[in-house]
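Structure file target.txt (compact mmCIF, C-alpha atoms and all ligand atoms) is printed below.
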```txt
# COMPACT_ATOMS: atom_id res chain seq x y z
CA MET A 1 88.54 50.08 68.90
CA LYS A 2 88.79 52.18 72.02
CA TRP A 3 85.60 52.89 73.95
CA LEU A 4 84.81 56.51 74.59
CA PRO A 5 83.87 57.21 78.22
CA SER A 6 80.36 58.35 77.18
CA VAL A 7 79.73 55.05 75.40
CA CYS A 8 80.80 53.10 78.47
CA THR A 9 78.37 55.09 80.61
CA LEU A 10 75.53 54.20 78.27
CA LEU A 11 76.34 50.54 78.56
CA LEU A 12 76.10 50.49 82.34
CA GLY A 13 72.92 48.87 83.56
CA LEU A 14 72.92 46.30 80.77
CA GLY A 15 75.03 43.74 82.56
CA VAL A 16 78.75 44.09 82.18
CA SER A 17 80.00 46.80 79.87
CA ALA A 18 81.49 45.58 76.61
CA ALA A 19 84.76 47.13 77.73
CA GLU A 20 85.02 44.84 80.76
CA PRO A 21 87.11 41.74 80.11
CA ILE A 22 85.49 38.33 80.34
CA ILE A 23 86.73 36.41 83.37
CA THR A 24 87.29 32.71 82.71
CA LEU A 25 87.16 30.19 85.56
CA PRO A 26 87.90 26.45 85.43
CA ILE A 27 85.49 23.86 86.84
CA ARG A 28 86.55 20.36 87.81
CA PHE A 29 83.46 18.12 87.78
CA HIS A 30 83.65 15.10 90.09
CA LEU A 31 81.12 12.44 89.03
CA THR A 32 81.26 10.43 92.22
CA GLN A 33 80.74 6.66 91.92
CA GLY A 34 80.16 3.77 94.27
CA ALA A 35 77.16 4.92 96.29
CA THR A 36 73.66 3.59 95.80
CA MET A 37 71.25 5.55 97.93
CA THR A 38 67.63 4.55 98.48
CA VAL A 39 64.86 6.90 99.53
CA LYS A 40 61.16 5.94 99.62
CA GLY A 41 61.94 2.80 97.62
CA GLN A 42 63.78 4.67 94.88
CA ALA A 43 67.33 3.38 94.37
CA MET A 44 69.57 6.18 93.11
CA GLU A 45 72.93 6.24 91.44
CA ASN A 46 74.80 8.91 89.56
CA TRP A 47 73.33 8.96 86.05
CA VAL A 48 74.93 12.07 84.55
CA LYS A 49 77.53 11.49 81.81
CA PRO A 50 80.72 13.57 81.45
CA GLU A 51 79.69 14.69 77.94
CA GLU A 52 76.38 16.03 79.32
CA LEU A 53 78.33 18.24 81.72
CA THR A 54 80.81 19.49 79.15
CA GLY A 55 78.00 19.99 76.59
CA LEU A 56 74.42 20.94 77.54
CA VAL A 57 75.02 21.73 81.20
CA LEU A 58 78.09 23.95 80.74
CA ALA A 59 76.29 25.84 77.94
CA GLU A 60 73.34 26.62 80.24
CA VAL A 61 75.60 27.61 83.15
CA ASN A 62 77.43 29.99 80.82
CA ARG A 63 74.17 31.38 79.41
CA ILE A 64 73.12 32.22 82.99
CA TRP A 65 76.47 33.82 83.89
CA LYS A 66 76.97 35.68 80.60
CA PRO A 67 75.49 38.99 81.87
CA ALA A 68 78.25 39.01 84.53
CA GLY A 69 80.98 38.53 81.94
CA ILE A 70 82.04 35.32 83.69
CA GLN A 71 82.67 32.23 81.63
CA PHE A 72 83.31 28.75 82.98
CA VAL A 73 85.42 26.13 81.23
CA VAL A 74 85.60 22.46 82.17
CA GLU A 75 89.08 21.54 83.32
CA ARG A 76 88.03 17.90 83.88
CA ALA A 77 84.80 15.90 84.11
CA GLN A 78 85.25 12.28 85.00
CA PRO A 79 83.91 9.49 87.17
CA GLU A 80 85.63 9.26 90.56
CA ALA A 81 85.28 6.71 93.34
CA LEU A 82 83.99 7.97 96.67
CA LEU A 83 86.09 7.22 99.72
CA LYS A 84 85.03 4.04 101.53
CA PRO A 85 85.56 4.66 105.25
CA LYS A 86 84.52 1.90 107.69
CA ASP A 87 81.26 3.69 108.43
CA PHE A 88 80.42 4.16 104.72
CA LYS A 89 76.91 2.67 105.04
CA GLU A 90 76.14 4.76 108.11
CA LEU A 91 77.30 7.92 106.34
CA LEU A 92 75.03 7.14 103.36
CA ALA A 93 72.16 6.53 105.79
CA VAL A 94 72.67 9.97 107.35
CA VAL A 95 72.23 11.54 103.90
CA GLU A 96 69.28 9.29 102.94
CA ASN A 97 67.47 10.07 106.18
CA SER A 98 68.24 13.76 106.44
CA LYS A 99 65.12 15.85 106.94
CA ARG A 100 63.98 18.93 105.16
CA GLY A 101 65.31 22.02 106.88
CA GLU A 102 66.53 25.51 106.35
CA GLU A 103 68.96 25.76 103.47
CA GLU A 104 72.44 26.24 104.71
CA VAL A 105 75.92 26.31 103.29
CA ALA A 106 77.54 24.09 105.90
CA GLY A 107 77.19 22.57 109.31
CA SER A 108 74.47 19.94 109.16
CA GLY A 109 75.07 16.24 109.81
CA ARG A 110 74.54 15.42 106.17
CA THR A 111 77.12 18.00 105.07
CA ALA A 112 79.67 16.44 107.43
CA ALA A 113 78.73 12.92 106.25
CA ILE A 114 79.15 13.87 102.59
CA GLY A 115 82.44 15.58 103.41
CA LYS A 116 83.83 12.27 104.69
CA LEU A 117 83.06 10.60 101.35
CA LEU A 118 84.82 13.10 99.07
CA ASP A 119 88.40 12.28 98.19
CA PRO A 120 90.62 15.33 98.85
CA ALA A 121 93.28 13.91 96.52
CA GLN A 122 90.93 14.52 93.58
CA GLN A 123 90.42 18.16 94.43
CA LEU A 124 92.11 20.85 92.35
CA ARG A 125 92.84 23.96 94.39
CA SER A 126 92.95 26.31 91.43
CA ALA A 127 89.54 25.21 90.10
CA LEU A 128 85.96 25.30 91.30
CA ASN A 129 85.26 21.71 92.31
CA VAL A 130 81.70 20.59 91.61
CA TYR A 131 80.82 17.19 93.08
CA LEU A 132 77.82 15.28 91.75
CA LEU A 133 76.27 12.78 94.16
CA PRO A 134 73.17 10.61 93.68
CA TYR A 135 71.24 12.48 96.41
CA ILE A 136 72.16 15.00 99.08
CA GLY A 137 69.19 15.01 101.48
CA ALA A 138 65.48 15.75 101.54
CA THR A 139 64.54 18.66 99.26
CA TYR A 140 68.15 19.72 98.84
CA GLN A 141 69.59 20.19 95.36
CA GLY A 142 72.97 21.63 96.16
CA TYR A 143 75.16 23.45 98.65
CA ALA A 144 78.46 25.26 98.47
CA ASN A 145 81.01 26.94 100.68
CA LEU A 146 80.66 30.70 100.53
CA GLY A 147 83.62 32.18 98.67
CA GLY A 148 85.27 28.76 98.54
CA ASN A 149 85.90 26.35 95.72
CA GLN A 150 83.60 23.41 96.45
CA ALA A 151 79.97 22.77 95.57
CA VAL A 152 77.96 19.57 96.00
CA ILE A 153 74.98 18.74 93.79
CA GLY A 154 72.38 15.95 93.94
CA VAL A 155 71.39 14.47 90.58
CA TRP A 156 68.16 13.09 92.06
CA THR A 157 65.78 15.45 93.83
CA ASP A 158 62.53 15.45 95.77
CA LYS A 159 62.31 19.22 96.02
CA ALA A 160 59.22 19.49 93.79
CA SER A 161 57.19 17.25 96.13
CA ARG A 162 58.75 18.83 99.25
CA GLY A 163 60.14 15.44 100.14
CA GLU A 164 56.71 13.78 100.09
CA LYS A 165 57.33 11.58 97.05
CA PRO A 166 60.29 9.45 95.98
CA PRO A 167 63.12 11.48 94.40
CA VAL A 168 63.21 11.85 90.62
CA LYS A 169 66.08 12.57 88.23
CA ALA A 170 66.73 16.32 88.02
CA LEU A 171 66.35 17.93 84.61
CA LEU A 172 69.75 18.52 83.02
CA VAL A 173 68.62 21.81 81.51
CA GLU A 174 65.28 23.62 81.23
CA ALA A 175 63.96 26.07 78.66
CA GLU A 176 63.08 29.54 79.98
CA PRO A 177 60.99 30.51 81.85
CA MET A 178 62.09 28.46 84.82
CA LYS A 179 59.45 26.04 86.13
CA VAL A 180 61.18 23.48 88.34
CA GLY A 181 64.83 24.41 87.90
CA SER A 182 67.51 22.37 86.18
CA LEU A 183 70.71 20.75 87.33
CA ALA A 184 72.50 23.46 85.33
CA ARG A 185 70.66 26.20 87.24
CA THR A 186 71.49 24.52 90.56
CA ILE A 187 75.16 24.41 89.54
CA ALA A 188 75.03 28.08 88.43
CA HIS A 189 73.41 29.00 91.79
CA GLU A 190 76.01 27.12 93.85
CA LEU A 191 78.83 28.69 91.82
CA GLY A 192 77.21 31.99 92.81
CA HIS A 193 77.84 31.05 96.46
CA ASN A 194 81.46 30.17 95.60
CA LEU A 195 81.66 33.68 94.14
CA THR A 196 80.46 35.06 97.53
CA LEU A 197 76.80 35.67 96.60
CA THR A 198 74.16 35.00 99.26
CA HIS A 199 70.38 34.54 99.14
CA PRO A 200 68.32 37.73 98.82
CA ASP A 201 65.74 38.41 101.51
CA LYS A 202 62.55 36.51 100.63
CA SER A 203 60.42 39.43 101.76
CA GLU A 204 62.10 41.67 99.18
CA ALA A 205 59.63 42.01 96.29
CA SER A 206 61.15 41.02 92.98
CA ALA A 207 59.80 41.65 89.50
CA VAL A 208 62.24 39.20 87.98
CA GLY A 209 63.20 35.70 89.05
CA ARG A 210 66.72 35.69 90.46
CA LEU A 211 69.46 33.10 90.27
CA MET A 212 70.25 33.47 93.96
CA GLY A 213 66.58 33.03 94.94
CA GLY A 214 64.49 35.35 97.07
CA ALA A 215 60.84 36.14 96.38
CA LYS A 216 61.05 34.75 92.85
CA GLN A 217 63.38 32.10 91.45
CA GLY A 218 64.93 32.49 88.02
CA TYR A 219 68.19 33.42 86.36
CA ALA A 220 68.70 37.16 86.84
CA LEU A 221 71.76 38.65 88.52
CA THR A 222 71.62 42.20 89.86
CA GLU A 223 74.28 44.80 89.09
CA GLU A 224 75.43 44.55 92.70
CA GLU A 225 75.72 40.75 92.48
CA ILE A 226 77.63 41.01 89.21
CA ALA A 227 80.17 43.41 90.72
CA LYS A 228 80.59 41.20 93.81
CA ALA A 229 80.92 37.98 91.79
CA ARG A 230 83.47 39.49 89.40
CA LYS A 231 85.59 40.71 92.29
CA SER A 232 85.54 37.21 93.78
CA ALA A 233 86.17 35.58 90.38
CA LEU A 234 89.38 37.58 90.02
CA LYS A 235 90.49 36.30 93.44
CA HIS A 236 89.70 32.71 92.40
CA GLN A 237 91.79 33.24 89.26
CA GLY A 238 94.76 34.17 91.41
CA LYS A 239 94.70 30.83 93.31
ZN ZN B 301 71.73 28.71 97.85
```

Encoding of this model in C-alpha cells:
Amino acid sequence: MKWLPSVCTLLLGLGVSAAEPIITLPIRFHLTQGATMTVKGQAMENWVKPEELTGLVLAEVNRIWKPAGIQFVVERAQPEALLKPKDFKELLAVVENSKRGEEEVAGSGRTAAIGKLLDPAQQLRSALNVYLLPYIGATYQGYANLGGNQAVIGVWTDKASRGEKPPVKALLVEAEPMKVGSLARTIAHELGHNLTLTHPDKSEASAVGRLMGGAKQGYALTEEEIAKARKSALKHQGK
C-alpha cells in the first residue's frame, strides 16, 4: 500500500518511518588468532566462536540498530591469523601494558601496534570489517575509525574494575536494561562510529541510556543520530 503523507508525519519521532527502506550493510568478522596476551596473570586468547557472532551477537546488534532501519548481515566470520612481524612480541607488550586513558578513535601507541598485526589482505573494502582481538588495552572495549570501515574489539575486558583487576571475558549479549555492556553492544557502538556518530557530551543530561554514550549508557539512538547514520550507511553501500 501507498503511505499517505499525513500517516508518514504521524510516524516521525518513532524511529524510522515505515515508509523508509531498510538499509542492509555487510560485516566481515575477523576472529584473529595467534596472540596470547597476559595481563595481571590472566592469559587471554580469542574465545568467541563464529556461530556466536552470526547467531546471538548479530541478533543483538540488529535489535539495537532496528530503530534506525539499518540491518547488518554477516558476509564472513572466520578465524584469521594475525601478521607476525619481527617485533610481534613487542607489539603485543605495547597493547598489554597500555594504560587507561581518554577514549579515542585513533592515534595511541596501542592503536598503531594493533594496526601492524592486522592483515590487510583479509580486509574487504565493501564491508564493515570488525576485528576481534583477545585484549586491546586497559579499560578499552573497542575503537573504530570515524566514518571508515574498520572496528577493533577486545573479547576480554577490565573496564568494570577500571583496570584494577585481571581482565574477564566480556558478555556476548546482555538482557536489558544494560548493566555492564555486552560484546554485542560494543560492536553496535563501534559500528555507530563507522557510521559517523560521535560521543554525546557527558554533561548533557539524558533521560535514556544512549548507544553512543554520554551521561547515561544504553541502547537509544536519537532522531538526529539515526538520520546521520542512515546517510553514512548509504555511502557505505556505494563502496
Ligand atoms: Zn566510542

Quick check, in Å to one decimal: how far apart do atom CA of Tyr219 of chain A and atom CA of Leu58 of chain A lie?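 Pair atom CA of Tyr219 of chain A / atom CA of Leu58 of chain A returns 14.8 Å.
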
What's the 6 Å shell around segment 128-137 of chain A, counting only C-alpha atoms, without same-chain residues fewer than 3 positions away, as a PyMOL selection string?
chain A and resi 27-32+44-46+95-96+98+140+149-156

Residue with the minimum atom-to-atom distance to ligand ZN 301 (chain B), picked from A:Gln217, A:Ala227, A:Pro166, A:Ala144 with all atoms listed in the file counted, is A:Ala144

ask   = To one decimal place, how far is atom CA of Gly55 of chain A from atom CA of Leu191 of chain A in Å?
value =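 Distance reported for this atom pair: 17.6 Å.
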
The distance between atom CA of Lys99 of chain A and atom CA of Ala138 of chain A is 5.4 Å

A:Glu190, A:Glu176, A:Glu225, A:Glu90: which is nearest ligand ZN 301 (chain B), counting all atoms listed in the file?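 Among the listed residues, A:Glu190 lies closest to ligand ZN 301 (chain B).
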
Taking 3 positions as the minimum chain separation for residues in the same chain, which residues sit within 9 Å of Gly181 of chain A when counting all atoms listed in the file? Answer as number ranges by chain. A: 170-171, 173-174, 178, 184-186, 217-218

*ligand ZN 301 (chain B): which residues are within 12 Å, counting only C-alpha atoms and all ligand atoms, as number ranges by chain?*
A: 102-106, 140-146, 151-153, 185-201, 210-214, 217

Can you sort out segment 112-125 of chain A so it carries N, CA and C atoms, written as an mmCIF file, keeping the file's coordinate frame?
```cif
data_model
loop_
_atom_site.group_PDB
_atom_site.id
_atom_site.type_symbol
_atom_site.label_atom_id
_atom_site.label_comp_id
_atom_site.auth_asym_id
_atom_site.auth_seq_id
_atom_site.Cartn_x
_atom_site.Cartn_y
_atom_site.Cartn_z
ATOM 1 N N ALA A 112 78.477 17.089 106.862
ATOM 2 C CA ALA A 112 79.670 16.440 107.430
ATOM 3 C C ALA A 112 79.819 15.027 106.881
ATOM 4 N N ALA A 113 78.688 14.293 106.763
ATOM 5 C CA ALA A 113 78.730 12.920 106.250
ATOM 6 C C ALA A 113 79.244 12.906 104.807
ATOM 7 N N ILE A 114 78.717 13.801 103.991
ATOM 8 C CA ILE A 114 79.150 13.870 102.590
ATOM 9 C C ILE A 114 80.630 14.242 102.516
ATOM 10 N N GLY A 115 81.039 15.159 103.388
ATOM 11 C CA GLY A 115 82.440 15.580 103.410
ATOM 12 C C GLY A 115 83.403 14.423 103.633
ATOM 13 N N LYS A 116 82.957 13.423 104.404
ATOM 14 C CA LYS A 116 83.830 12.270 104.690
ATOM 15 C C LYS A 116 83.923 11.309 103.514
ATOM 16 N N LEU A 117 83.057 11.498 102.519
ATOM 17 C CA LEU A 117 83.060 10.600 101.350
ATOM 18 C C LEU A 117 83.849 11.160 100.170
ATOM 19 N N LEU A 118 84.145 12.464 100.210
ATOM 20 C CA LEU A 118 84.820 13.100 99.070
ATOM 21 C C LEU A 118 86.339 12.979 99.218
ATOM 22 N N ASP A 119 86.961 12.533 98.172
ATOM 23 C CA ASP A 119 88.400 12.280 98.190
ATOM 24 C C ASP A 119 89.191 13.577 97.973
ATOM 25 N N PRO A 120 89.892 14.058 99.017
ATOM 26 C CA PRO A 120 90.620 15.330 98.850
ATOM 27 C C PRO A 120 91.725 15.259 97.790
ATOM 28 N N ALA A 121 92.206 14.048 97.518
ATOM 29 C CA ALA A 121 93.280 13.910 96.520
ATOM 30 C C ALA A 121 92.798 14.260 95.107
ATOM 31 N N GLN A 122 91.487 14.221 94.917
ATOM 32 C CA GLN A 122 90.930 14.520 93.580
ATOM 33 C C GLN A 122 90.613 16.004 93.411
ATOM 34 N N GLN A 123 90.791 16.753 94.491
ATOM 35 C CA GLN A 123 90.420 18.160 94.430
ATOM 36 C C GLN A 123 91.523 19.000 93.781
ATOM 37 N N LEU A 124 91.130 19.941 92.952
ATOM 38 C CA LEU A 124 92.110 20.850 92.350
ATOM 39 C C LEU A 124 91.908 22.237 92.957
ATOM 40 N N ARG A 125 92.925 22.690 93.652
ATOM 41 C CA ARG A 125 92.840 23.960 94.390
ATOM 42 C C ARG A 125 92.522 25.153 93.504
#
```
